[in-house]
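Student: File follows, final_36.cif with mmCIF, C-alpha atoms and all ligand atoms:
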```cif
data_model
loop_
_atom_site.label_atom_id
_atom_site.label_comp_id
_atom_site.auth_asym_id
_atom_site.auth_seq_id
_atom_site.Cartn_x
_atom_site.Cartn_y
_atom_site.Cartn_z
CA MET O 1 51.83 -155.00 -50.70
CA LYS O 2 50.98 -156.80 -53.92
CA ILE O 3 54.64 -157.50 -54.54
CA LYS O 4 54.92 -158.92 -51.03
CA VAL O 5 51.95 -161.26 -51.58
CA THR O 6 53.37 -162.44 -54.91
CA LEU O 7 56.69 -163.06 -53.25
CA ILE O 8 55.08 -165.06 -50.46
CA MET O 9 53.09 -167.10 -53.00
CA LEU O 10 56.21 -167.78 -54.98
CA LEU O 11 58.01 -168.86 -51.85
CA MET O 12 55.13 -171.15 -50.85
CA ALA O 13 55.08 -172.68 -54.32
CA LEU O 14 58.80 -173.33 -54.07
CA ILE O 15 58.43 -174.95 -50.65
CA SER O 16 55.55 -177.18 -51.77
CA CYS O 17 57.53 -178.15 -54.86
CA HIS O 18 60.49 -179.05 -52.69
CA ASN O 19 58.30 -181.11 -50.35
CA LYS O 20 56.73 -182.96 -53.25
CA LYS O 21 60.16 -183.89 -54.50
CA LYS O 22 61.04 -185.27 -51.07
CA VAL O 23 57.84 -187.34 -50.91
CA VAL O 24 58.41 -188.78 -54.38
CA SER O 25 61.97 -189.88 -53.60
CA LYS O 26 60.79 -191.64 -50.44
CA VAL O 27 58.40 -193.92 -52.34
CA VAL O 28 60.87 -196.49 -53.57
CA PHE O 29 58.52 -199.47 -53.64
CA SER O 30 54.78 -199.55 -54.33
CA ASN O 31 52.26 -200.81 -51.77
CA GLU O 32 52.55 -204.23 -53.36
CA TYR O 33 55.86 -204.61 -51.49
CA LYS O 34 54.63 -203.21 -48.21
CA ILE O 35 56.67 -204.07 -45.12
CA ASP O 36 55.34 -202.87 -41.75
CA SER O 37 58.02 -200.39 -40.65
CA ASN O 38 56.71 -200.32 -37.05
CA ARG O 39 57.15 -204.06 -36.83
CA VAL O 40 60.65 -203.73 -38.31
CA LYS O 41 61.53 -201.22 -35.62
CA LYS O 42 60.13 -203.46 -32.88
CA HIS O 43 62.19 -206.46 -34.04
CA LEU O 44 65.37 -204.42 -34.24
CA TYR O 45 65.01 -202.62 -30.91
CA THR O 46 64.02 -205.83 -29.09
CA LEU O 47 66.90 -207.92 -30.45
CA ALA O 48 69.46 -205.13 -29.91
CA SER O 49 68.26 -204.19 -26.43
CA ASP O 50 70.54 -204.38 -23.37
CA LYS O 51 68.25 -207.14 -22.03
CA MET O 52 69.70 -209.50 -24.65
CA GLU O 53 73.18 -208.89 -23.18
CA GLY O 54 74.95 -208.94 -26.51
CA ARG O 55 73.53 -212.37 -27.54
CA ARG O 56 76.74 -214.32 -27.11
CA THR O 57 76.24 -217.98 -28.10
CA GLY O 58 75.80 -220.18 -25.01
CA THR O 59 74.57 -217.40 -22.68
CA ALA O 60 71.24 -216.49 -21.06
CA GLY O 61 71.18 -213.35 -23.23
CA ILE O 62 71.03 -215.16 -26.56
CA GLU O 63 68.38 -217.49 -25.10
CA LYS O 64 66.08 -214.46 -24.73
CA ALA O 65 66.63 -213.64 -28.39
CA ALA O 66 65.91 -217.26 -29.34
CA VAL O 67 62.60 -217.16 -27.47
CA TYR O 68 61.63 -213.90 -29.20
CA ILE O 69 62.36 -215.33 -32.67
CA GLU O 70 60.43 -218.53 -31.87
CA LYS O 71 57.43 -216.52 -30.72
CA GLU O 72 57.51 -214.48 -33.91
CA PHE O 73 57.76 -217.60 -36.12
CA LYS O 74 54.73 -219.00 -34.27
CA ARG O 75 52.74 -215.75 -34.58
CA ILE O 76 53.50 -215.57 -38.30
CA GLY O 77 52.37 -219.16 -38.74
CA LEU O 78 55.54 -220.95 -39.86
CA THR O 79 55.99 -224.70 -39.46
CA THR O 80 59.02 -226.70 -38.29
CA PHE O 81 61.86 -228.01 -40.45
CA LYS O 82 62.02 -231.67 -41.52
CA ASP O 83 62.02 -233.99 -38.46
CA LEU O 84 62.34 -231.22 -35.89
CA LYS O 85 59.49 -231.02 -33.36
CA THR O 86 60.10 -227.35 -32.56
CA PHE O 87 61.69 -224.36 -34.30
CA ARG O 88 65.01 -225.26 -32.64
CA GLN O 89 67.86 -227.15 -34.17
CA ILE O 90 70.08 -227.82 -31.16
CA PHE O 91 73.78 -228.60 -31.63
CA THR O 92 77.03 -228.50 -29.69
CA PHE O 93 80.52 -227.37 -30.62
CA LYS O 94 83.82 -226.65 -28.95
CA ASN O 95 84.75 -223.00 -28.45
CA ARG O 96 88.14 -222.70 -30.14
CA SER O 97 89.58 -220.29 -27.56
CA THR O 98 88.29 -221.78 -24.29
CA GLU O 99 88.01 -225.44 -25.45
CA LYS O 100 84.64 -225.48 -23.63
CA GLU O 101 81.69 -227.29 -25.16
CA ILE O 102 78.84 -224.95 -26.01
CA THR O 103 75.19 -225.86 -26.67
CA ALA O 104 73.47 -223.65 -29.21
CA SER O 105 70.25 -223.44 -31.24
CA ASN O 106 69.55 -222.43 -34.81
CA ILE O 107 65.97 -221.18 -35.00
CA ILE O 108 64.30 -222.48 -38.17
CA GLY O 109 60.82 -221.79 -39.51
CA VAL O 110 59.30 -223.09 -42.75
CA LEU O 111 56.74 -221.89 -45.26
CA GLU O 112 55.94 -224.95 -47.33
CA GLY O 113 55.94 -224.57 -51.11
CA LYS O 114 52.62 -224.79 -52.93
CA SER O 115 53.91 -227.08 -55.69
CA ASN O 116 57.70 -227.52 -55.63
CA LYS O 117 57.84 -228.56 -51.99
CA ASN O 118 61.22 -230.26 -52.40
CA GLU O 119 62.98 -227.16 -53.72
CA PHE O 120 64.20 -225.01 -50.86
CA VAL O 121 65.10 -221.32 -50.63
CA ILE O 122 66.81 -220.09 -47.48
CA PHE O 123 66.48 -216.64 -45.90
CA SER O 124 69.00 -216.31 -43.08
CA ALA O 125 70.89 -214.07 -40.67
CA HIS O 126 72.86 -214.75 -37.50
CA TYR O 127 71.26 -213.79 -34.20
CA ASP O 128 74.35 -214.25 -32.04
CA HIS O 129 76.87 -211.50 -31.33
CA LEU O 130 79.80 -210.82 -29.00
CA GLY O 131 78.19 -210.62 -25.53
CA ILE O 132 79.50 -208.38 -22.78
CA LEU O 133 82.87 -206.65 -22.71
CA LYS O 134 84.97 -207.96 -19.82
CA LYS O 135 86.51 -204.63 -18.75
CA ALA O 136 84.34 -203.59 -15.80
CA GLU O 137 85.37 -199.93 -15.87
CA GLN O 138 83.65 -199.48 -19.22
CA VAL O 139 80.44 -197.42 -18.89
CA ASP O 140 78.70 -199.29 -21.70
CA SER O 141 79.86 -202.89 -21.73
CA ILE O 142 77.21 -204.53 -23.92
CA TYR O 143 77.85 -205.40 -27.53
CA ASN O 144 74.29 -204.82 -28.74
CA GLY O 145 75.05 -205.93 -32.28
CA ALA O 146 72.21 -203.83 -33.71
CA ASN O 147 73.61 -203.71 -37.21
CA ASP O 148 75.56 -206.97 -36.75
CA ASP O 149 73.24 -208.71 -37.07
CA ALA O 150 69.95 -207.80 -35.37
CA SER O 151 69.25 -205.88 -38.59
CA GLY O 152 69.57 -209.08 -40.64
CA VAL O 153 67.36 -211.10 -38.27
CA THR O 154 64.82 -208.28 -38.44
CA GLY O 155 64.89 -208.76 -42.21
CA VAL O 156 64.36 -212.51 -41.93
CA LEU O 157 61.35 -212.02 -39.61
CA ALA O 158 59.84 -209.33 -41.83
CA LEU O 159 60.32 -211.45 -44.97
CA ALA O 160 58.73 -214.49 -43.29
CA GLU O 161 55.64 -212.41 -42.53
CA TYR O 162 55.65 -210.83 -46.00
CA PHE O 163 55.84 -214.16 -47.88
CA LYS O 164 53.30 -215.80 -45.56
CA ASN O 165 50.83 -213.04 -46.44
CA LYS O 166 51.64 -213.19 -50.16
CA ASN O 167 51.08 -216.95 -50.28
CA PHE O 168 52.71 -217.24 -53.72
CA ASN O 169 55.77 -219.35 -52.89
CA GLU O 170 55.76 -222.39 -55.13
CA ARG O 171 59.07 -223.38 -53.51
CA THR O 172 59.54 -224.12 -49.81
CA LEU O 173 61.01 -221.17 -47.92
CA VAL O 174 63.25 -221.82 -44.92
CA PHE O 175 63.81 -218.90 -42.53
CA ILE O 176 66.83 -219.35 -40.27
CA ALA O 177 68.37 -217.39 -37.43
CA PHE O 178 71.82 -218.94 -37.07
CA ALA O 179 73.75 -219.17 -33.78
CA GLY O 180 77.54 -219.32 -33.40
CA GLU O 181 78.39 -217.18 -36.43
CA GLU O 182 80.79 -214.98 -34.47
CA MET O 183 82.57 -218.11 -33.18
CA GLY O 184 83.25 -219.38 -36.70
CA LEU O 185 80.02 -219.95 -38.68
CA LYS O 186 79.10 -222.81 -36.31
CA GLY O 187 75.31 -222.77 -36.74
CA SER O 188 75.33 -222.65 -40.52
CA SER O 189 78.03 -225.35 -40.74
CA HIS O 190 75.87 -227.60 -38.58
CA PHE O 191 72.79 -226.86 -40.68
CA GLY O 192 74.76 -227.70 -43.84
CA LYS O 193 75.66 -231.14 -42.47
CA GLU O 194 71.99 -232.04 -42.02
CA ILE O 195 70.71 -231.30 -45.53
CA ASP O 196 70.80 -232.59 -49.09
CA ALA O 197 72.31 -229.43 -50.60
CA THR O 198 71.25 -230.35 -54.15
CA LYS O 199 67.67 -229.53 -53.14
CA PHE O 200 68.62 -226.04 -52.01
CA VAL O 201 68.08 -223.63 -54.88
CA ALA O 202 69.32 -220.42 -53.24
CA GLY O 203 70.62 -219.00 -49.97
CA ILE O 204 69.80 -215.39 -49.16
CA ASN O 205 71.77 -214.16 -46.18
CA LEU O 206 71.33 -210.69 -44.65
CA GLU O 207 74.21 -209.10 -42.79
CA MET O 208 74.40 -205.52 -41.53
CA ILE O 209 71.64 -203.86 -43.55
CA GLY O 210 71.21 -200.77 -41.35
CA LYS O 211 73.84 -198.29 -42.51
CA ASN O 212 73.91 -195.93 -45.49
CA PRO O 213 75.77 -197.68 -48.30
CA ILE O 214 78.66 -196.15 -50.24
CA PHE O 215 76.71 -196.35 -53.50
CA GLY O 216 74.13 -193.90 -52.10
CA PRO O 217 70.47 -194.22 -51.07
CA ASN O 218 68.40 -197.18 -52.27
CA THR O 219 71.34 -199.49 -52.85
CA ALA O 220 72.81 -202.66 -51.38
CA TRP O 221 75.72 -204.87 -52.35
CA LEU O 222 76.06 -208.62 -52.68
CA THR O 223 79.03 -210.82 -51.77
CA GLY O 224 80.30 -213.29 -54.37
CA PHE O 225 78.35 -211.52 -57.11
CA GLU O 226 80.39 -213.15 -59.92
CA ARG O 227 80.20 -216.66 -58.44
CA SER O 228 76.67 -217.43 -59.72
CA ASP O 229 73.98 -215.57 -61.67
CA PHE O 230 71.95 -215.00 -58.49
CA GLY O 231 72.89 -211.29 -58.38
CA LYS O 232 71.87 -210.78 -62.01
CA ILE O 233 68.44 -212.30 -61.30
CA ILE O 234 67.99 -209.87 -58.41
CA GLN O 235 69.05 -206.93 -60.61
CA ARG O 236 66.56 -207.98 -63.28
CA ASN O 237 63.73 -208.22 -60.75
CA LEU O 238 64.60 -204.79 -59.33
CA LYS O 239 64.40 -203.11 -62.75
CA GLY O 240 61.73 -200.43 -62.74
CA SER O 241 62.37 -199.58 -59.10
CA PRO O 242 64.93 -196.99 -57.97
CA TYR O 243 66.67 -199.65 -55.85
CA GLN O 244 69.94 -201.04 -57.19
CA LEU O 245 72.15 -204.01 -56.26
CA PHE O 246 75.92 -203.82 -56.73
CA PRO O 247 78.75 -206.35 -56.42
CA ASP O 248 80.59 -206.30 -53.07
CA PRO O 249 82.92 -203.25 -53.23
CA TYR O 250 85.35 -204.69 -50.64
CA PRO O 251 86.83 -207.81 -52.30
CA LYS O 252 90.00 -207.61 -50.19
CA PHE O 253 87.96 -208.29 -47.03
CA ASN O 254 86.96 -211.70 -48.43
CA LEU O 255 83.43 -211.20 -47.06
CA PHE O 256 81.92 -214.01 -49.15
CA PHE O 257 83.64 -216.52 -46.85
CA ARG O 258 83.09 -214.59 -43.63
CA SER O 259 79.35 -214.97 -43.14
CA ASP O 260 76.92 -217.89 -42.96
CA ASN O 261 76.28 -217.94 -46.70
CA ALA O 262 79.72 -219.55 -47.03
CA SER O 263 78.68 -222.75 -45.22
CA LEU O 264 76.06 -223.41 -47.90
CA ALA O 265 78.15 -222.08 -50.79
CA ARG O 266 80.80 -224.68 -49.90
CA LEU O 267 78.11 -227.29 -50.67
CA GLY O 268 77.43 -225.71 -54.08
CA VAL O 269 74.35 -223.68 -53.13
CA PRO O 270 74.16 -220.23 -54.77
CA SER O 271 74.26 -218.60 -51.38
CA HIS O 272 75.15 -214.92 -51.04
CA THR O 273 75.05 -212.14 -48.47
CA PHE O 274 73.26 -208.80 -48.88
CA SER O 275 74.69 -205.84 -46.98
CA THR O 276 74.56 -202.04 -47.03
CA THR O 277 77.35 -201.22 -44.58
CA PRO O 278 80.53 -199.33 -45.53
CA ILE O 279 82.57 -201.89 -43.61
CA ASP O 280 85.94 -200.22 -44.33
CA VAL O 281 85.03 -197.04 -42.42
CA ASP O 282 82.19 -198.15 -40.13
CA LYS O 283 83.28 -197.09 -36.64
CA ASP O 284 80.66 -199.23 -34.89
CA TYR O 285 81.64 -202.59 -36.40
CA HIS O 286 82.29 -205.05 -33.53
CA GLN O 287 82.18 -202.18 -31.02
CA VAL O 288 79.86 -201.63 -28.04
CA SER O 289 78.59 -198.57 -29.96
CA ASP O 290 76.75 -200.81 -32.47
CA GLU O 291 73.35 -199.72 -31.11
CA ALA O 292 69.89 -199.49 -32.66
CA GLY O 293 69.93 -195.67 -32.56
CA THR O 294 72.86 -195.53 -34.99
CA LEU O 295 70.89 -197.29 -37.73
CA ASN O 296 68.79 -195.84 -40.52
CA MET O 297 65.33 -197.44 -40.29
CA THR O 298 64.48 -196.39 -43.85
CA VAL O 299 67.56 -198.18 -45.19
CA ILE O 300 66.56 -201.35 -43.31
CA THR O 301 62.93 -201.34 -44.44
CA GLN O 302 63.72 -200.50 -48.07
CA THR O 303 66.44 -203.15 -48.22
CA ILE O 304 63.99 -205.76 -46.93
CA GLN O 305 61.55 -204.65 -49.65
CA ALA O 306 64.33 -204.89 -52.24
CA VAL O 307 65.10 -208.45 -51.14
CA ALA O 308 61.38 -209.30 -51.30
CA LYS O 309 61.02 -207.93 -54.83
CA GLY O 310 64.46 -209.09 -55.94
CA THR O 311 63.93 -212.73 -54.95
CA GLU O 312 60.31 -213.03 -56.10
CA SER O 313 61.01 -215.09 -59.23
CA ILE O 314 63.19 -217.50 -57.22
CA VAL O 315 60.51 -217.85 -54.54
CA LYS O 316 57.86 -218.47 -57.23
CA GLY O 317 60.06 -221.00 -58.98
CA THR O 318 60.41 -219.22 -62.33
CA ASP O 319 64.14 -218.47 -61.89
CA THR O 320 66.82 -220.88 -60.69
CA PRO O 321 70.28 -219.41 -60.09
CA THR O 322 73.35 -221.27 -61.40
CA ARG O 323 75.27 -223.29 -58.81
CA VAL O 324 78.02 -221.36 -57.09
CA VAL O 325 81.64 -221.43 -58.30
CA LEU O 326 84.21 -221.42 -55.53
CA GLU O 327 87.48 -221.25 -57.54
ZN ZN Q 401 77.72 -210.47 -38.69
#
```
Kindly return the structure encoded in the file as structure tokens.

Tutor:
Amino acid sequence: MKIKVTLIMLLMALISCHNKKKVVSKVVFSNEYKIDSNRVKKHLYTLASDKMEGRRTGTAGIEKAAVYIEKEFKRIGLTTFKDLKTFRQIFTFKNRSTEKEITASNIIGVLEGKSNKNEFVIFSAHYDHLGILKKAEQVDSIYNGANDDASGVTGVLALAEYFKNKNFNERTLVFIAFAGEEMGLKGSSHFGKEIDATKFVAGINLEMIGKNPIFGPNTAWLTGFERSDFGKIIQRNLKGSPYQLFPDPYPKFNLFFRSDNASLARLGVPSHTFSTTPIDVDKDYHQVSDEAGTLNMTVITQTIQAVAKGTESIVKGTDTPTRVVLE
């Protein structure tokens, strides 16, 4: 009997030890970097829902997403950009395959800087995706674009709320949900035409931050890492946390030029994209199976926290990344 009790106690001790270990590894960021994970889930599941009909630029589906993002910007307490009267920056472009003119809206919200109002930092992601698959026989025909890029827009919304609450941004923060990315970076190109790029200190673009990265838990990678010292600033700010940032492991995919960061980088802005997705093997990329349920909510929330902590010195105005090199 005594042996049995000792055995049970030993077993219980082992289990509690194991549990403790699990709890410790889950706490990646202290409460100082708290992001409301329920809110994160709500953003993601709303934007990636079937109701949004795949958010193809120029459709009624993406309009629903636009309205959701506007409402969130208003709730958070952001203001409008430059001369715009609303959060919308409306523009038109010609669809390169159908030659049809499409009207689209970037959704832009601003958190004015406390002192350096004329130095801008962008947080962006594209809210458009591919729409509805034409083949009618398909059971699921909606490209939900949960990872691509409802996850990134979720990050932008969560960061807007986070920085609003922190109230420490000496620089002006510009939160943008771009349209027309999937049709050739249309929204970000339009935005780039309307600004004096020399006043834009950094561009932080989020793209597909919902999958487990190849470098393991608590990691993300950055496109164009060697093109400015932006990535090194982030790494320095993340020191002391278990979260690590790596250079883009897929250089042959040329990802630096394939997302909205490129439109600003072409103007000299140190503008890079954060991602966690193993794009070379991801079976859901640009498929109707890219649904919210396939994503890891912990990866999304912790990556948003990593971006918050990683960009803090840029937001506060104590670090300024070098201008981007395109050669
Ligand atoms: Zn994308």

Student: Check which residues of chain O sit at most 10 Å from ligand ZN 401 (chain Q) using all atoms listed in the file, and return one row each with the closest pair of atoms and their distance in Å to one decimal, ordered by chain and rising number, as a tab-separated table.

Tutor:
```
residue	atom	partner	partner_atom	distance
O:Ala125	CA	Q:ZN401	ZN	8.0
O:His126	CA	Q:ZN401	ZN	6.6
O:Tyr127	CA	Q:ZN401	ZN	8.5
O:Asp128	CA	Q:ZN401	ZN	8.4
O:His129	CA	Q:ZN401	ZN	7.5
O:Leu130	CA	Q:ZN401	ZN	9.9
O:Gly145	CA	Q:ZN401	ZN	8.3
O:Ala146	CA	Q:ZN401	ZN	10.0
O:Asn147	CA	Q:ZN401	ZN	8.0
O:Asp148	CA	Q:ZN401	ZN	4.5
O:Asp149	CA	Q:ZN401	ZN	5.1
O:Ala150	CA	Q:ZN401	ZN	8.9
O:Ser151	CA	Q:ZN401	ZN	9.6
O:Gly152	CA	Q:ZN401	ZN	8.5
O:Glu181	CA	Q:ZN401	ZN	7.1
O:Glu182	CA	Q:ZN401	ZN	6.9
O:Leu185	CA	Q:ZN401	ZN	9.8
O:Leu206	CA	Q:ZN401	ZN	8.7
O:Glu207	CA	Q:ZN401	ZN	5.6
O:Met208	CA	Q:ZN401	ZN	6.6
O:Arg258	CA	Q:ZN401	ZN	8.4
O:Ser259	CA	Q:ZN401	ZN	6.5
O:Asp260	CA	Q:ZN401	ZN	8.6
O:Ser275	CA	Q:ZN401	ZN	10.0
O:Tyr285	CA	Q:ZN401	ZN	9.1
O:His286	CA	Q:ZN401	ZN	8.8
```

Student: Given the choices O:Ser263, O:Lys74, O:Asn31, O:Gly131, which gets closest to O:Tyr143 if the distance is worked out from all atoms listed in the file?

Tutor: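 Looking only at the distances to O:Tyr143, the closest residue turns out to be O:Gly131.
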
Student: My list of candidates is O:Gly293, O:Gly240, O:Gly192, O:Gly224. Which is closest to O:Phe274 when distances are computed with all atoms listed in the file?

Tutor: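 Using all atoms listed in the file, O:Phe274 sits closest to O:Gly224.
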
Student: What's the 10 Å shell around O:Ala177, counting all atoms listed in the file, without same-chain residues fewer than 2 positions away, as a VMD selection string?

Tutor: chain O and resid 65 to 66 69 to 70 88 105 to 109 123 to 128 149 to 150 152 to 154 156 to 157 175 179 187 to 188 205

Student: So how many Å separate atom CA of O:Ala202 and atom CA of O:Glu312, to one decimal?

Tutor: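 Taking atom CA of O:Ala202 as the start and atom CA of O:Glu312 as the end point, the length is 12.0 Å.
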
Student: Under the rule that all atoms listed in the file are counted, which of O:Ser271, O:Glu72, O:Arg266, O:Met297 is the nearest residue to O:Ala158?

Tutor: O:Glu72

Student: When you count all atoms listed in the file, which of these residues is closest to O:Ala197: O:Phe87, O:Tyr33, O:Phe120, O:Tyr45?

Tutor: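 Closest residue, counting all atoms listed in the file: O:Phe120.
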
Student: Using only C-alpha atoms, list the residues that have an atom at most 6 Å from (73.1, -224.6, -30.1), coordinates as in the file, as a list in words.

Tutor: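 It turns out the residues near that spot are Ile90, Phe91, Thr92, Thr103, Ala104 and Ser105 of chain O.
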
Student: Rounded to one decimal in Å, what is the spacing between atom CA of O:Phe81 and atom CA of O:Glu119?

Tutor: 13.3 Å

Student: Counting all atoms listed in the file, which of O:Lys309, O:Lys186, O:Lys134, O:Lys64 gets nearest to O:Arg96?

Tutor: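 Looking only at the distances to O:Arg96, the closest residue turns out to be O:Lys186.
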
Student: So, with all atoms listed in the file as the atoms that count, which of O:Thr294, O:Pro242, O:Ile234, O:Thr276 lies closest to O:Trp221?

Tutor: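 The answer is O:Thr276, which sits nearest to O:Trp221.
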
Student: Give me, please, the distance in Å between atom CA of O:Asn254 and atom CA of O:Phe178, quoted to one decimal.

Tutor: 20.3 Å

Student: So which residues touch O:Val299 within 9 Å, counting only C-alpha atoms, skipping near sequence neighbours fewer than 6 positions away, as a PyMOL selection string?

Tutor: chain O and resi 209-213+217-219+276

Student: Just the residues within 6 Å of O:Ile122, please, counting only C-alpha atoms, with nothing from its chain fewer than 4 positions along; format it as a PyMOL selection string.

Tutor: chain O and resi 173-175+203-204
